[in-house]
$ cat final15.pdb   # PDB, C-alpha atoms
MODEL        1
ATOM      1  CA  MET A  30     -37.265 267.133  74.579
ATOM      2  CA  VAL A  31     -34.354 265.067  75.868
ATOM      3  CA  TYR A  32     -34.019 267.397  78.866
ATOM      4  CA  ARG A  33     -37.720 267.155  79.695
ATOM      5  CA  HIS A  34     -37.636 263.372  79.408
ATOM      6  CA  THR A  35     -34.610 263.151  81.731
ATOM      7  CA  GLU A  36     -36.220 265.515  84.232
ATOM      8  CA  LYS A  37     -39.434 263.487  84.225
ATOM      9  CA  ALA A  38     -37.553 260.204  84.633
ATOM     10  CA  THR A  39     -35.521 261.627  87.513
ATOM     11  CA  ARG A  40     -38.692 262.812  89.227
ATOM     12  CA  ARG A  41     -40.303 259.368  88.792
ATOM     13  CA  LEU A  42     -37.250 257.690  90.335
ATOM     14  CA  ALA A  43     -37.299 260.100  93.279
ATOM     15  CA  ASP A  44     -41.020 259.538  93.826
ATOM     16  CA  LYS A  45     -40.565 255.774  93.708
ATOM     17  CA  ARG A  46     -37.668 255.961  96.170
ATOM     18  CA  ALA A  47     -39.763 258.060  98.558
ATOM     19  CA  ARG A  48     -42.649 255.599  98.247
ATOM     20  CA  ILE A  49     -40.383 252.681  99.114
ATOM     21  CA  LEU A  50     -38.990 254.502 102.156
ATOM     22  CA  ALA A  51     -42.519 255.358 103.296
ATOM     23  CA  ALA A  52     -43.531 251.714 102.922
ATOM     24  CA  ALA A  53     -40.524 250.577 104.956
ATOM     25  CA  ARG A  54     -41.370 253.100 107.666
ATOM     26  CA  GLU A  55     -44.968 251.843 107.860
ATOM     27  CA  LEU A  56     -43.818 248.254 108.235
ATOM     28  CA  VAL A  57     -41.228 249.069 110.892
ATOM     29  CA  ALA A  58     -43.687 251.263 112.800
ATOM     30  CA  ASP A  59     -46.120 248.357 112.843
ATOM     31  CA  ALA A  60     -43.883 245.372 113.556
ATOM     32  CA  GLY A  61     -40.225 246.392 113.840
ATOM     33  CA  TRP A  62     -37.193 245.668 111.706
ATOM     34  CA  GLN A  63     -38.112 242.026 111.127
ATOM     35  CA  ALA A  64     -41.050 243.229 109.033
ATOM     36  CA  ALA A  65     -38.803 245.260 106.735
ATOM     37  CA  GLN A  66     -37.777 242.351 104.510
ATOM     38  CA  VAL A  67     -37.202 243.576 100.974
ATOM     39  CA  ASP A  68     -40.072 241.466  99.589
ATOM     40  CA  ASN A  69     -42.443 242.944 102.188
ATOM     41  CA  VAL A  70     -41.307 246.488 101.503
ATOM     42  CA  ALA A  71     -41.715 246.016  97.755
ATOM     43  CA  ALA A  72     -45.238 244.650  98.186
ATOM     44  CA  GLN A  73     -46.175 247.482 100.544
ATOM     45  CA  ALA A  74     -44.836 250.060  98.093
ATOM     46  CA  GLY A  75     -46.459 248.388  95.087
ATOM     47  CA  VAL A  76     -43.184 247.844  93.238
ATOM     48  CA  ALA A  77     -41.129 244.853  92.149
ATOM     49  CA  THR A  78     -38.451 243.516  94.482
ATOM     50  CA  GLY A  79     -35.840 244.344  91.865
ATOM     51  CA  THR A  80     -36.903 247.985  91.998
ATOM     52  CA  VAL A  81     -35.961 248.144  95.664
ATOM     53  CA  TYR A  82     -32.542 246.682  94.883
ATOM     54  CA  ARG A  83     -31.999 249.287  92.182
ATOM     55  CA  HIS A  84     -32.057 251.916  94.918
ATOM     56  CA  TRP A  85     -30.431 249.988  97.791
ATOM     57  CA  SER A  86     -28.023 247.084  97.556
ATOM     58  CA  SER A  87     -29.341 245.381 100.706
ATOM     59  CA  LYS A  88     -31.984 245.468 103.408
ATOM     60  CA  ALA A  89     -29.395 246.904 105.817
ATOM     61  CA  GLU A  90     -28.676 249.791 103.448
ATOM     62  CA  LEU A  91     -32.398 250.534 103.103
ATOM     63  CA  CYS A  92     -32.904 250.402 106.876
ATOM     64  CA  ALA A  93     -29.896 252.644 107.469
ATOM     65  CA  GLU A  94     -31.379 255.282 105.169
ATOM     66  CA  LEU A  95     -34.720 254.947 106.933
ATOM     67  CA  VAL A  96     -33.054 255.646 110.292
ATOM     68  CA  ALA A  97     -31.265 258.635 108.787
ATOM     69  CA  SER A  98     -34.527 259.967 107.370
ATOM     70  CA  VAL A  99     -36.552 259.553 110.561
ATOM     71  CA  SER A 100     -33.762 260.831 112.803
ATOM     72  CA  ALA A 101     -33.232 263.947 110.687
ATOM     73  CA  ARG A 102     -36.854 264.913 111.286
ATOM     74  CA  GLU A 103     -36.747 264.198 115.030
ATOM     75  CA  VAL A 104     -33.445 266.008 115.518
ATOM     76  CA  GLY A 105     -34.784 268.969 113.542
ATOM     77  CA  ILE A 106     -37.778 269.247 115.872
ATOM     78  CA  VAL A 107     -35.624 269.148 119.028
ATOM     79  CA  GLN A 108     -33.134 271.548 117.449
ATOM     80  CA  ALA A 109     -35.922 274.042 116.807
ATOM     81  CA  VAL A 110     -36.741 273.960 120.522
ATOM     82  CA  ALA A 111     -33.068 274.442 121.400
ATOM     83  CA  GLU A 112     -32.804 277.483 119.106
ATOM     84  CA  ALA A 113     -36.073 279.115 120.210
ATOM     85  CA  ASP A 114     -36.249 282.042 122.607
ATOM     86  CA  GLY A 115     -36.821 281.294 126.260
ATOM     87  CA  ALA A 116     -35.164 280.512 129.553
ATOM     88  CA  PRO A 117     -32.686 277.584 129.429
ATOM     89  CA  ALA A 118     -34.636 275.498 131.967
ATOM     90  CA  GLU A 119     -37.853 275.990 130.006
ATOM     91  CA  LYS A 120     -36.138 274.965 126.776
ATOM     92  CA  LEU A 121     -34.598 271.909 128.414
ATOM     93  CA  GLU A 122     -37.981 270.778 129.714
ATOM     94  CA  SER A 123     -39.707 271.539 126.403
ATOM     95  CA  ALA A 124     -37.103 269.575 124.412
ATOM     96  CA  ILE A 125     -37.452 266.551 126.714
ATOM     97  CA  ARG A 126     -41.241 266.637 126.680
ATOM     98  CA  THR A 127     -41.371 267.150 122.911
ATOM     99  CA  PHE A 128     -39.125 264.183 122.179
ATOM    100  CA  ALA A 129     -40.786 261.951 124.776
ATOM    101  CA  GLY A 130     -44.288 262.770 123.591
ATOM    102  CA  ARG A 131     -43.460 262.004 119.981
ATOM    103  CA  ALA A 132     -41.706 258.764 120.941
ATOM    104  CA  LEU A 133     -44.687 257.531 122.952
ATOM    105  CA  ARG A 134     -47.125 258.379 120.168
ATOM    106  CA  GLY A 135     -45.064 256.148 117.857
ATOM    107  CA  ARG A 136     -43.770 253.673 120.428
ATOM    108  CA  ARG A 137     -42.948 250.819 118.039
ATOM    109  CA  LEU A 138     -41.097 253.048 115.594
ATOM    110  CA  ALA A 139     -39.234 254.764 118.444
ATOM    111  CA  TYR A 140     -38.124 251.380 119.788
ATOM    112  CA  ALA A 141     -36.818 250.445 116.343
ATOM    113  CA  MET A 142     -34.986 253.759 115.987
ATOM    114  CA  ILE A 143     -33.427 253.595 119.451
ATOM    115  CA  ALA A 144     -33.138 250.147 121.011
ATOM    116  CA  GLU A 145     -34.185 247.211 118.829
ATOM    117  CA  PRO A 146     -31.258 244.950 117.794
ATOM    118  CA  VAL A 147     -30.126 245.799 114.259
ATOM    119  CA  ASP A 148     -27.358 245.150 111.740
ATOM    120  CA  PRO A 149     -24.051 246.967 112.437
ATOM    121  CA  GLU A 150     -24.603 249.177 109.379
ATOM    122  CA  VAL A 151     -27.885 250.401 110.828
ATOM    123  CA  GLU A 152     -26.471 250.732 114.342
ATOM    124  CA  THR A 153     -23.805 253.128 113.050
ATOM    125  CA  VAL A 154     -26.485 255.485 111.745
ATOM    126  CA  ARG A 155     -28.506 255.063 114.924
ATOM    127  CA  LEU A 156     -25.521 256.068 117.060
ATOM    128  CA  ASP A 157     -25.155 259.186 114.941
ATOM    129  CA  TYR A 158     -28.832 259.934 115.691
ATOM    130  CA  ARG A 159     -28.134 259.785 119.422
ATOM    131  CA  ALA A 160     -25.059 261.975 118.991
ATOM    132  CA  GLN A 161     -27.033 264.621 117.111
ATOM    133  CA  LEU A 162     -29.728 264.636 119.792
ATOM    134  CA  ALA A 163     -27.091 264.958 122.494
ATOM    135  CA  HIS A 164     -25.610 267.922 120.619
ATOM    136  CA  CYS A 165     -29.001 269.671 120.708
ATOM    137  CA  PHE A 166     -29.201 269.213 124.476
ATOM    138  CA  GLU A 167     -25.575 270.223 124.865
ATOM    139  CA  ARG A 168     -26.401 273.582 123.258
ATOM    140  CA  ILE A 169     -29.237 274.167 125.721
ATOM    141  CA  LEU A 170     -27.053 273.211 128.679
ATOM    142  CA  ARG A 171     -24.058 275.246 127.510
ATOM    143  CA  HIS A 172     -26.249 278.325 127.086
ATOM    144  CA  GLY A 173     -27.788 277.752 130.508
ATOM    145  CA  ILE A 174     -24.392 277.356 132.174
ATOM    146  CA  MET A 175     -23.210 280.619 130.630
ATOM    147  CA  ARG A 176     -26.298 282.368 132.005
ATOM    148  CA  GLY A 177     -25.941 280.781 135.439
ATOM    149  CA  ALA A 178     -29.156 278.775 135.078
ATOM    150  CA  PHE A 179     -27.339 275.435 135.440
ATOM    151  CA  PRO A 180     -24.312 274.448 137.531
ATOM    152  CA  ARG A 181     -20.919 274.364 135.858
ATOM    153  CA  LEU A 182     -21.141 270.820 134.543
ATOM    154  CA  ASP A 183     -19.402 269.562 131.427
ATOM    155  CA  PRO A 184     -22.292 270.186 128.983
ATOM    156  CA  ALA A 185     -21.289 267.343 126.648
ATOM    157  CA  VAL A 186     -21.240 264.805 129.501
ATOM    158  CA  ALA A 187     -24.475 266.126 130.987
ATOM    159  CA  ALA A 188     -26.207 266.026 127.587
ATOM    160  CA  ALA A 189     -25.115 262.419 127.027
ATOM    161  CA  CYS A 190     -26.480 261.472 130.468
ATOM    162  CA  ILE A 191     -29.821 263.167 129.791
ATOM    163  CA  VAL A 192     -30.267 261.568 126.371
ATOM    164  CA  GLY A 193     -29.298 258.158 127.726
ATOM    165  CA  ALA A 194     -31.689 258.526 130.648
ATOM    166  CA  PHE A 195     -34.793 259.491 128.732
ATOM    167  CA  MET A 196     -34.206 257.028 125.898
ATOM    168  CA  GLU A 197     -33.817 254.159 128.367
ATOM    169  CA  ALA A 198     -36.904 255.168 130.302
ATOM    170  CA  LEU A 199     -38.989 255.589 127.146
ATOM    171  CA  VAL A 200     -38.213 252.512 125.077
ATOM    172  CA  GLY A 201     -35.115 250.789 126.432
ATOM    173  CA  PRO A 202     -35.038 247.325 128.009
ATOM    174  CA  LEU A 203     -35.517 248.894 131.458
ATOM    175  CA  ALA A 204     -38.480 251.067 130.458
ATOM    176  CA  PRO A 205     -41.286 250.702 133.029
ATOM    177  CA  ALA A 206     -44.180 248.499 131.912
ATOM    178  CA  LYS A 207     -47.096 250.236 133.593
ATOM    179  CA  GLY A 208     -49.514 250.188 130.725
ATOM    180  CA  THR A 209     -50.200 252.628 127.949
ATOM    181  CA  GLY A 210     -52.747 255.297 127.275
ATOM    182  CA  ALA A 211     -52.831 259.061 127.701
ATOM    183  CA  ARG A 212     -52.704 259.021 131.508
ATOM    184  CA  ALA A 213     -49.812 256.562 131.727
ATOM    185  CA  ASP A 214     -47.917 258.433 129.027
ATOM    186  CA  ARG A 215     -48.360 261.779 130.797
ATOM    187  CA  HIS A 216     -47.093 260.250 134.038
ATOM    188  CA  LEU A 217     -44.031 258.790 132.327
ATOM    189  CA  ILE A 218     -43.220 262.072 130.573
ATOM    190  CA  ASP A 219     -43.636 263.976 133.855
ATOM    191  CA  GLN A 220     -41.294 261.591 135.681
ATOM    192  CA  ILE A 221     -38.641 261.703 132.948
ATOM    193  CA  SER A 222     -38.835 265.485 132.759
ATOM    194  CA  GLN A 223     -38.579 265.935 136.531
ATOM    195  CA  PHE A 224     -35.631 263.559 136.772
ATOM    196  CA  CYS A 225     -33.677 265.289 133.988
ATOM    197  CA  LEU A 226     -34.381 268.768 135.361
ATOM    198  CA  ARG A 227     -33.281 267.733 138.844
ATOM    199  CA  ALA A 228     -30.165 266.146 137.377
ATOM    200  CA  ALA A 229     -29.367 269.578 135.957
ATOM    201  CA  GLU A 230     -30.172 271.055 139.400
ATOM    202  CA  VAL A 231     -33.269 272.879 138.193
ATOM    203  CA  LYS A 232     -35.933 273.204 140.883
ATOM    204  CA  THR A 233     -39.284 271.683 139.854
TER
ENDMDL
END

$ encode --input "final15.pdb" --output "structure tokens"
Amino acid sequence: MVYRHTEKATRRLADKRARILAAARELVADAGWQAAQVDNVAAQAGVATGTVYRHWSSKAELCAELVASVSAREVGIVQAVAEADGAPAEKLESAIRTFAGRALRGRRLAYAMIAEPVDPEVETVRLDYRAQLAHCFERILRHGIMRGAFPRLDPAVAAACIVGAFMEALVGPLAPAKGTGARADRHLIDQISQFCLRAAEVKT
């Protein structure tokens, strides 16, 4: 009986933690990090403010875990593209288009995950997100270089340039402001993809 009670209590705590993270994600996706005040998150999750603090000692800690959670999913999706069968150039284009398409469908959340000013604790996790993405692209480039599909660039440097380029063009301060909508998004994705492929000397 004691074991069953402990197991049930542990499951309830895990469910509550997941609910709080989901609530924080909804708020950030709607209005950015400023909306993720602990009181707001608690209200959105339907729990007391103290319950949030039982899981995280501060808003920054909660936001850092949210970035880690969201980034793990996004990196996993790009990694799956990198590990799939196919020509290196096709995989490079697919990885760029996949990431860009998902970012534009959740523009406000993508901005928060990539470019919006945050606490140093959150920025550390966000930098790790960028590093993991760059590693996925580095694998594609390294494989392509070995097969002669790409020129003999330093794959780590090239991957960092590609990730920096498409993140800036998608949601960075210099991202073009030419409206939204399916047509505008397709144009932006096409332009980003073509630029990155040409940077890797792939004919488009």

$ residues_around --input "final15.pdb" --residues "Ala109 (chain A)" --least-positions-apart "4" --cutoff "12 Å" --atoms "all atoms listed in the file" --output "PDB file with C-alpha atoms, in the coordinates of the input"
ATOM      1  CA  ARG A 102     -36.854 264.913 111.286  1.00  0.00           C
ATOM      2  CA  GLU A 103     -36.747 264.198 115.030  1.00  0.00           C
ATOM      3  CA  VAL A 104     -33.445 266.008 115.518  1.00  0.00           C
ATOM      4  CA  GLY A 105     -34.784 268.969 113.542  1.00  0.00           C
ATOM      5  CA  ALA A 113     -36.073 279.115 120.210  1.00  0.00           C
ATOM      6  CA  ASP A 114     -36.249 282.042 122.607  1.00  0.00           C
ATOM      7  CA  GLY A 115     -36.821 281.294 126.260  1.00  0.00           C
ATOM      8  CA  LYS A 120     -36.138 274.965 126.776  1.00  0.00           C
ATOM      9  CA  LEU A 121     -34.598 271.909 128.414  1.00  0.00           C
ATOM     10  CA  SER A 123     -39.707 271.539 126.403  1.00  0.00           C
ATOM     11  CA  ALA A 124     -37.103 269.575 124.412  1.00  0.00           C
ATOM     12  CA  THR A 127     -41.371 267.150 122.911  1.00  0.00           C
ATOM     13  CA  PHE A 128     -39.125 264.183 122.179  1.00  0.00           C
ATOM     14  CA  LEU A 162     -29.728 264.636 119.792  1.00  0.00           C
ATOM     15  CA  CYS A 165     -29.001 269.671 120.708  1.00  0.00           C
ATOM     16  CA  PHE A 166     -29.201 269.213 124.476  1.00  0.00           C
ATOM     17  CA  ARG A 168     -26.401 273.582 123.258  1.00  0.00           C
ATOM     18  CA  ILE A 169     -29.237 274.167 125.721  1.00  0.00           C
TER      19      ILE A 169
END

$ residues_near_point --input "final15.pdb" --point "(-41.0, 264.3, 137.0)" --cutoff "12 Å" --atoms "all atoms listed in the file" --output "list in words"
Glu122, Ile125, Arg126, Phe195, Arg215, His216, Leu217, Ile218, Asp219, Gln220, Ile221, Ser222, Gln223, Phe224, Cys225, Leu226, Arg227, Ala228, Val231, Lys232 and Thr233 of chain A

$ write_last_selection --input "final15.pdb" --atoms "C-alpha atoms" --output "PDB file, in the frame of the given file"
ATOM      1  CA  GLU A 122     -37.981 270.778 129.714  1.00  0.00           C
ATOM      2  CA  ILE A 125     -37.452 266.551 126.714  1.00  0.00           C
ATOM      3  CA  ARG A 126     -41.241 266.637 126.680  1.00  0.00           C
ATOM      4  CA  PHE A 195     -34.793 259.491 128.732  1.00  0.00           C
ATOM      5  CA  ARG A 215     -48.360 261.779 130.797  1.00  0.00           C
ATOM      6  CA  HIS A 216     -47.093 260.250 134.038  1.00  0.00           C
ATOM      7  CA  LEU A 217     -44.031 258.790 132.327  1.00  0.00           C
ATOM      8  CA  ILE A 218     -43.220 262.072 130.573  1.00  0.00           C
ATOM      9  CA  ASP A 219     -43.636 263.976 133.855  1.00  0.00           C
ATOM     10  CA  GLN A 220     -41.294 261.591 135.681  1.00  0.00           C
ATOM     11  CA  ILE A 221     -38.641 261.703 132.948  1.00  0.00           C
ATOM     12  CA  SER A 222     -38.835 265.485 132.759  1.00  0.00           C
ATOM     13  CA  GLN A 223     -38.579 265.935 136.531  1.00  0.00           C
ATOM     14  CA  PHE A 224     -35.631 263.559 136.772  1.00  0.00           C
ATOM     15  CA  CYS A 225     -33.677 265.289 133.988  1.00  0.00           C
ATOM     16  CA  LEU A 226     -34.381 268.768 135.361  1.00  0.00           C
ATOM     17  CA  ARG A 227     -33.281 267.733 138.844  1.00  0.00           C
ATOM     18  CA  ALA A 228     -30.165 266.146 137.377  1.00  0.00           C
ATOM     19  CA  VAL A 231     -33.269 272.879 138.193  1.00  0.00           C
ATOM     20  CA  LYS A 232     -35.933 273.204 140.883  1.00  0.00           C
ATOM     21  CA  THR A 233     -39.284 271.683 139.854  1.00  0.00           C
TER      22      THR A 233
END

$ residues_around --input "final15.pdb" --residues "Trp85 (chain A)" --least-positions-apart "5" --cutoff "10 Å" --atoms "all atoms listed in the file" --output "list in words"
Arg46, Val67, Gly79, Thr80, Glu90, Leu91, Cys92 and Glu94 of chain A

$ write_last_selection --input "final15.pdb" --atoms "C-alpha atoms" --output "PDB file, in the frame of the given file"
ATOM      1  CA  ARG A  46     -37.668 255.961  96.170  1.00  0.00           C
ATOM      2  CA  VAL A  67     -37.202 243.576 100.974  1.00  0.00           C
ATOM      3  CA  GLY A  79     -35.840 244.344  91.865  1.00  0.00           C
ATOM      4  CA  THR A  80     -36.903 247.985  91.998  1.00  0.00           C
ATOM      5  CA  GLU A  90     -28.676 249.791 103.448  1.00  0.00           C
ATOM      6  CA  LEU A  91     -32.398 250.534 103.103  1.00  0.00           C
ATOM      7  CA  CYS A  92     -32.904 250.402 106.876  1.00  0.00           C
ATOM      8  CA  GLU A  94     -31.379 255.282 105.169  1.00  0.00           C
TER       9      GLU A  94
END

$ atom_distance --input "final15.pdb" --atom1 "CA of Thr35 (chain A)" --atom2 "CA of Ala47 (chain A)"
18.3 Å

$ closest_residue --input "final15.pdb" --among "A:Ala71, A:Arg83, A:Ala141, A:Gly135" --to "Leu42 (chain A)" --atoms "all atoms listed in the file"
A:Arg83

$ closest_residue --input "final15.pdb" --among "A:Val192, A:Ala139, A:Val107, A:Gln66" --to "Thr78 (chain A)" --atoms "all atoms listed in the file"
A:Gln66

$ closest_residue --input "final15.pdb" --among "A:Ile49, A:Ala60, A:Ala97, A:Met142" --to "Ala77 (chain A)" --atoms "only C-alpha atoms"
A:Ile49

$ resolve_selection --input "final15.pdb" --expression "the PyMOL selection byres ((chain A and resi 173) around 12)" --output "VMD selection string"
chain A and resid 111 115 to 121 166 to 172 174 to 184 229 to 231

$ decode --input "final15.pdb" --residues "region 207-227 of chain A" --atoms "N, CA and C atoms" --output "short mmCIF file (atom, residue, chain, number, x, y, z; two decimals), in the first residue's frame"
data_model
loop_
_atom_site.label_atom_id
_atom_site.label_comp_id
_atom_site.auth_asym_id
_atom_site.auth_seq_id
_atom_site.Cartn_x
_atom_site.Cartn_y
_atom_site.Cartn_z
N LYS A 207 7.87 41.75 -44.19
CA LYS A 207 7.10 41.84 -45.43
C LYS A 207 5.74 41.18 -45.29
N GLY A 208 5.22 41.19 -44.08
CA GLY A 208 3.91 40.60 -43.88
C GLY A 208 3.99 39.13 -43.54
N THR A 209 2.85 38.58 -43.19
CA THR A 209 2.76 37.18 -42.85
C THR A 209 1.72 36.51 -43.75
N GLY A 210 1.49 35.25 -43.48
CA GLY A 210 0.57 34.51 -44.33
C GLY A 210 1.32 33.45 -45.10
N ALA A 211 0.60 32.50 -45.66
CA ALA A 211 1.21 31.35 -46.31
C ALA A 211 2.15 31.75 -47.45
N ARG A 212 1.72 32.71 -48.28
CA ARG A 212 2.54 33.11 -49.42
C ARG A 212 3.84 33.76 -48.98
N ALA A 213 3.74 34.69 -48.04
CA ALA A 213 4.94 35.37 -47.53
C ALA A 213 5.88 34.39 -46.84
N ASP A 214 5.30 33.45 -46.10
CA ASP A 214 6.13 32.47 -45.41
C ASP A 214 6.86 31.57 -46.40
N ARG A 215 6.16 31.14 -47.45
CA ARG A 215 6.80 30.29 -48.46
C ARG A 215 7.95 31.03 -49.14
N HIS A 216 7.73 32.30 -49.42
CA HIS A 216 8.79 33.11 -50.06
C HIS A 216 10.00 33.21 -49.14
N LEU A 217 9.77 33.49 -47.87
CA LEU A 217 10.88 33.61 -46.93
C LEU A 217 11.64 32.30 -46.80
N ILE A 218 10.92 31.19 -46.68
CA ILE A 218 11.58 29.89 -46.57
C ILE A 218 12.38 29.58 -47.83
N ASP A 219 11.82 29.90 -49.00
CA ASP A 219 12.53 29.68 -50.26
C ASP A 219 13.82 30.48 -50.30
N GLN A 220 13.76 31.75 -49.89
CA GLN A 220 14.94 32.61 -49.94
C GLN A 220 16.02 32.14 -48.97
N ILE A 221 15.60 31.76 -47.76
CA ILE A 221 16.56 31.26 -46.77
C ILE A 221 17.21 29.97 -47.27
N SER A 222 16.40 29.08 -47.79
CA SER A 222 16.90 27.80 -48.29
C SER A 222 17.89 28.01 -49.43
N GLN A 223 17.53 28.85 -50.39
CA GLN A 223 18.42 29.10 -51.53
C GLN A 223 19.74 29.72 -51.08
N PHE A 224 19.66 30.67 -50.15
CA PHE A 224 20.89 31.31 -49.67
C PHE A 224 21.82 30.28 -49.01
N CYS A 225 21.26 29.47 -48.12
CA CYS A 225 22.09 28.49 -47.39
C CYS A 225 22.68 27.44 -48.33
N LEU A 226 21.90 27.00 -49.32
CA LEU A 226 22.41 26.01 -50.27
C LEU A 226 23.52 26.61 -51.13
N ARG A 227 23.34 27.85 -51.54
CA ARG A 227 24.39 28.50 -52.33
C ARG A 227 25.63 28.76 -51.50
#
